[in-house]
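Colleague: One structure is given below, represented as structure tokens, and several questions about it will come after.
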Amino acid sequence: MNQEEGLTAVDNIVTQFNTYEDFLDSQITTVDLYYLEDEGLARQLVELGYRGTGEVVKREDFEARKAAIEFARQAERTLKKTLTSASKDLQDNFLKALAVREEDNRNGKVSSVIFIRDKNSHGQEVSGYIDYAHRLKTEDFEVYFNGKKRLLPRSTDLSFYNWDNHLAVCNSSPNYQVIADNPEGLLFKYKRDRKILNVDPKAQPGDNSTRIPIQTNLYIQAVIFDHISRRKT
């Protein structure tokens, strides 16, 4: 039996029995108890592999897998609770696209950069690039997913430009370093794997990155860049 098959066998046992003692008891026959006349001794013999009707599993392996499975379940429940897009009746393609990416951006599997161009509350046209994972960590997206507010670029995002007063701002984030002095246009370097994300629509976005324009009724223009980090942790 290889390691993967061994883990599968242990997982099956761990999910079937609440405690290690319950597992041991399942391996003890009435004949064992008749001759041994001691349940504790019978359990010890099963644990050592001298008695039993099935797989031999060490106590430390059982308890380690039990703890790992429970931790994974708790983490999954916690993540589901933190997904602000969960159970929302989303109609617009942009909000649906954000919802699809929320979990992966929260757990670091994907890092998305959102480009938005539209008018702000003062009627001024603004545009900018947003580090989605960073914004998820620093603000409550409930107001966006329930339609109370629209997500718009800010002067604190990766980049921000006000087309009316020509205010231009760039800021690096915990995930991206802004490269603003590139003669061919704005670039973002993902800090985990140091790959370059090119947001020029006429260029390829870069290694492990995709550019997806979103057809939406909420904005003049919306594009999402998805980057998958290949760096091993």
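By convention here, the chains of the structure tokens are called A, B, ... in the order presented, each chain's residues are numbered starting at 1, and ligands are numbered starting at 1 in the order presented.
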Any idea what's packed within 8 Å of Arg101 (chain A), counting only C-alpha atoms, ignoring anything in its chain fewer than 3 positions away? Could you give it as a list of chain:residue names?
Modeller: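 Near neighbours after the sequence-gap exclusion: A:Ala97, A:Leu98, A:Asp104, A:Asn105, A:Val110, A:Ser112.
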Colleague: Per DSSP on the backbone, what are the helix (DSSP H, G or I) residues of region 118-169 of chain A, as a list in words?
Modeller: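 Restricting region 118-169 of chain A to helix (DSSP H, G or I) produces Tyr132, Ala133, His134, Arg135, Leu136, Lys137, Thr138, Glu142, Val143, Tyr144 and Phe145 of chain A.
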Colleague: Take the residues just selected and output them with N, CA, C and O atoms as a compact mmCIF listing (two decimals), in the first residue's frame.
Modeller:
# COMPACT_ATOMS: atom_id res chain seq x y z
N TYR A 132 -7.81 43.60 -5.66
CA TYR A 132 -9.04 43.03 -5.10
C TYR A 132 -8.79 42.35 -3.75
O TYR A 132 -9.53 42.58 -2.78
N ALA A 133 -7.76 41.53 -3.66
CA ALA A 133 -7.48 40.81 -2.40
C ALA A 133 -7.21 41.78 -1.26
O ALA A 133 -7.67 41.57 -0.12
N HIS A 134 -6.50 42.87 -1.54
CA HIS A 134 -6.19 43.85 -0.50
C HIS A 134 -7.44 44.59 -0.05
O HIS A 134 -7.66 44.79 1.16
N ARG A 135 -8.28 44.97 -1.01
CA ARG A 135 -9.53 45.66 -0.65
C ARG A 135 -10.45 44.74 0.15
O ARG A 135 -11.16 45.18 1.05
N LEU A 136 -10.46 43.44 -0.18
CA LEU A 136 -11.28 42.49 0.57
C LEU A 136 -10.87 42.44 2.03
O LEU A 136 -11.71 42.27 2.93
N LYS A 137 -9.56 42.58 2.28
CA LYS A 137 -9.05 42.51 3.65
C LYS A 137 -9.28 43.80 4.42
O LYS A 137 -9.33 43.79 5.65
N THR A 138 -9.39 44.91 3.71
CA THR A 138 -9.42 46.21 4.40
C THR A 138 -10.80 46.85 4.46
O THR A 138 -10.96 47.89 5.10
N GLU A 142 -19.82 43.79 1.70
CA GLU A 142 -21.26 43.55 1.79
C GLU A 142 -22.04 44.64 1.05
O GLU A 142 -23.01 44.36 0.36
N VAL A 143 -21.60 45.90 1.19
CA VAL A 143 -22.32 47.02 0.58
C VAL A 143 -22.25 46.97 -0.94
O VAL A 143 -23.14 47.49 -1.62
N TYR A 144 -21.21 46.36 -1.48
CA TYR A 144 -21.09 46.24 -2.93
C TYR A 144 -21.93 45.09 -3.47
O TYR A 144 -22.64 45.23 -4.47
N PHE A 145 -21.86 43.96 -2.77
CA PHE A 145 -22.61 42.79 -3.25
C PHE A 145 -24.12 42.93 -3.05
O PHE A 145 -24.89 42.31 -3.77
Colleague: Write out as a CSV table (one decimal) with C-alpha atoms, in the first residue's frame each polymer residue whose atoms come within 6 Å of Ser159 (chain A), counting only C-alpha atoms; drop sequence neighbours fewer than 5 positions from it.
Modeller:
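Printed below is out_34.csv as written:
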chain,number,residue,atom,x,y,z
A,128,GLY,CA,-8.0,53.1,-11.8
A,129,TYR,CA,-6.6,49.6,-10.9
A,169,VAL,CA,-1.8,58.7,-8.1
A,170,CYS,CA,0.0,55.3,-7.9
Colleague: Can you tell me which residues surround Gln215 (chain A) at a distance of at most 12 Å, considering only C-alpha atoms, apart from same-chain residues fewer than 5 positions away, and format the answer as a list in words?
Modeller: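 Within the cut-off, the hits are Asp92, Asn93, Phe94, Leu95, Lys96, Ala97, Ile116, Ile220, Gln221, Ala222, Val223 and Ile224 of chain A.
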Colleague: List every residue of region 34-232 of chain A that DSSP, applied to the backbone of this structure, assigns to strand (DSSP E), and report them as a PyMOL selection string.
Modeller: chain A and resi 110-119+125-131+159-162+168-170+176-179+187-190+196-198+209-213+221-228
Colleague: List as a list of chain:residue names the protein and nucleic acid residues near Leu152 (chain A), meaning an atom at most 9 Å away when only C-alpha atoms are counted, but skip any in the same chain fewer than 3 places from it.
Modeller: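 Listed by chain and then number, they are A:Ile116, A:Arg117, A:Asp118, A:Lys119, A:Asn120, A:Val126, A:Ser127, A:Gly128, A:Ile130.
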Colleague: For the residues in that selection, give me N, CA, C and O atoms as a PDB file, in the first residue's frame.
Modeller:
ATOM      1  N   ILE A 116     -11.461  49.740 -13.419  1.00  0.00           N
ATOM      2  CA  ILE A 116     -12.798  50.335 -13.530  1.00  0.00           C
ATOM      3  C   ILE A 116     -12.664  51.748 -14.088  1.00  0.00           C
ATOM      4  O   ILE A 116     -11.794  52.512 -13.669  1.00  0.00           O
ATOM      5  N   ARG A 117     -13.552  52.063 -15.042  1.00  0.00           N
ATOM      6  CA  ARG A 117     -13.662  53.446 -15.538  1.00  0.00           C
ATOM      7  C   ARG A 117     -15.132  53.833 -15.492  1.00  0.00           C
ATOM      8  O   ARG A 117     -15.985  53.161 -16.072  1.00  0.00           O
ATOM      9  N   ASP A 118     -15.428  54.931 -14.786  1.00  0.00           N
ATOM     10  CA  ASP A 118     -16.813  55.387 -14.673  1.00  0.00           C
ATOM     11  C   ASP A 118     -16.826  56.788 -14.049  1.00  0.00           C
ATOM     12  O   ASP A 118     -15.763  57.374 -13.790  1.00  0.00           O
ATOM     13  N   LYS A 119     -18.017  57.292 -13.767  1.00  0.00           N
ATOM     14  CA  LYS A 119     -18.143  58.609 -13.141  1.00  0.00           C
ATOM     15  C   LYS A 119     -18.412  58.453 -11.647  1.00  0.00           C
ATOM     16  O   LYS A 119     -19.167  57.572 -11.235  1.00  0.00           O
ATOM     17  N   ASN A 120     -17.780  59.322 -10.867  1.00  0.00           N
ATOM     18  CA  ASN A 120     -17.981  59.279  -9.421  1.00  0.00           C
ATOM     19  C   ASN A 120     -19.237  60.052  -9.034  1.00  0.00           C
ATOM     20  O   ASN A 120     -19.997  60.515  -9.892  1.00  0.00           O
ATOM     21  N   VAL A 126     -13.563  58.927 -13.584  1.00  0.00           N
ATOM     22  CA  VAL A 126     -12.366  58.426 -12.909  1.00  0.00           C
ATOM     23  C   VAL A 126     -12.079  57.009 -13.404  1.00  0.00           C
ATOM     24  O   VAL A 126     -12.965  56.307 -13.899  1.00  0.00           O
ATOM     25  N   SER A 127     -10.833  56.607 -13.267  1.00  0.00           N
ATOM     26  CA  SER A 127     -10.452  55.236 -13.599  1.00  0.00           C
ATOM     27  C   SER A 127      -9.309  54.817 -12.697  1.00  0.00           C
ATOM     28  O   SER A 127      -8.637  55.660 -12.086  1.00  0.00           O
ATOM     29  N   GLY A 128      -9.092  53.525 -12.614  1.00  0.00           N
ATOM     30  CA  GLY A 128      -8.012  53.058 -11.767  1.00  0.00           C
ATOM     31  C   GLY A 128      -7.957  51.550 -11.668  1.00  0.00           C
ATOM     32  O   GLY A 128      -8.860  50.843 -12.135  1.00  0.00           O
ATOM     33  N   ILE A 130      -7.474  48.308  -9.049  1.00  0.00           N
ATOM     34  CA  ILE A 130      -7.749  47.942  -7.656  1.00  0.00           C
ATOM     35  C   ILE A 130      -7.180  46.565  -7.360  1.00  0.00           C
ATOM     36  O   ILE A 130      -7.419  45.608  -8.107  1.00  0.00           O
TER      37      ILE A 130
END
Colleague: Residues within 12 Å of Glu184 (chain A), please, as a list in words. Count only C-alpha atoms; anything in the same chain fewer than 3 positions from it doesn't count.
Modeller: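 Counting only C-alpha atoms, the residues come to Ile179, Ala180, Asp181, Leu187, Asn198, Val199, Asp200, Pro201, Lys202 and Ala203 of chain A.
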Colleague: Quick one: of A:Arg150, A:Asp140, A:Phe71, A:Arg65, who's nearest to Ser121 (chain A), counting only C-alpha atoms?
Modeller: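 Of A:Arg150, A:Asp140, A:Phe71, A:Arg65, the one nearest Ser121 (chain A), counting only C-alpha atoms, is A:Arg150.
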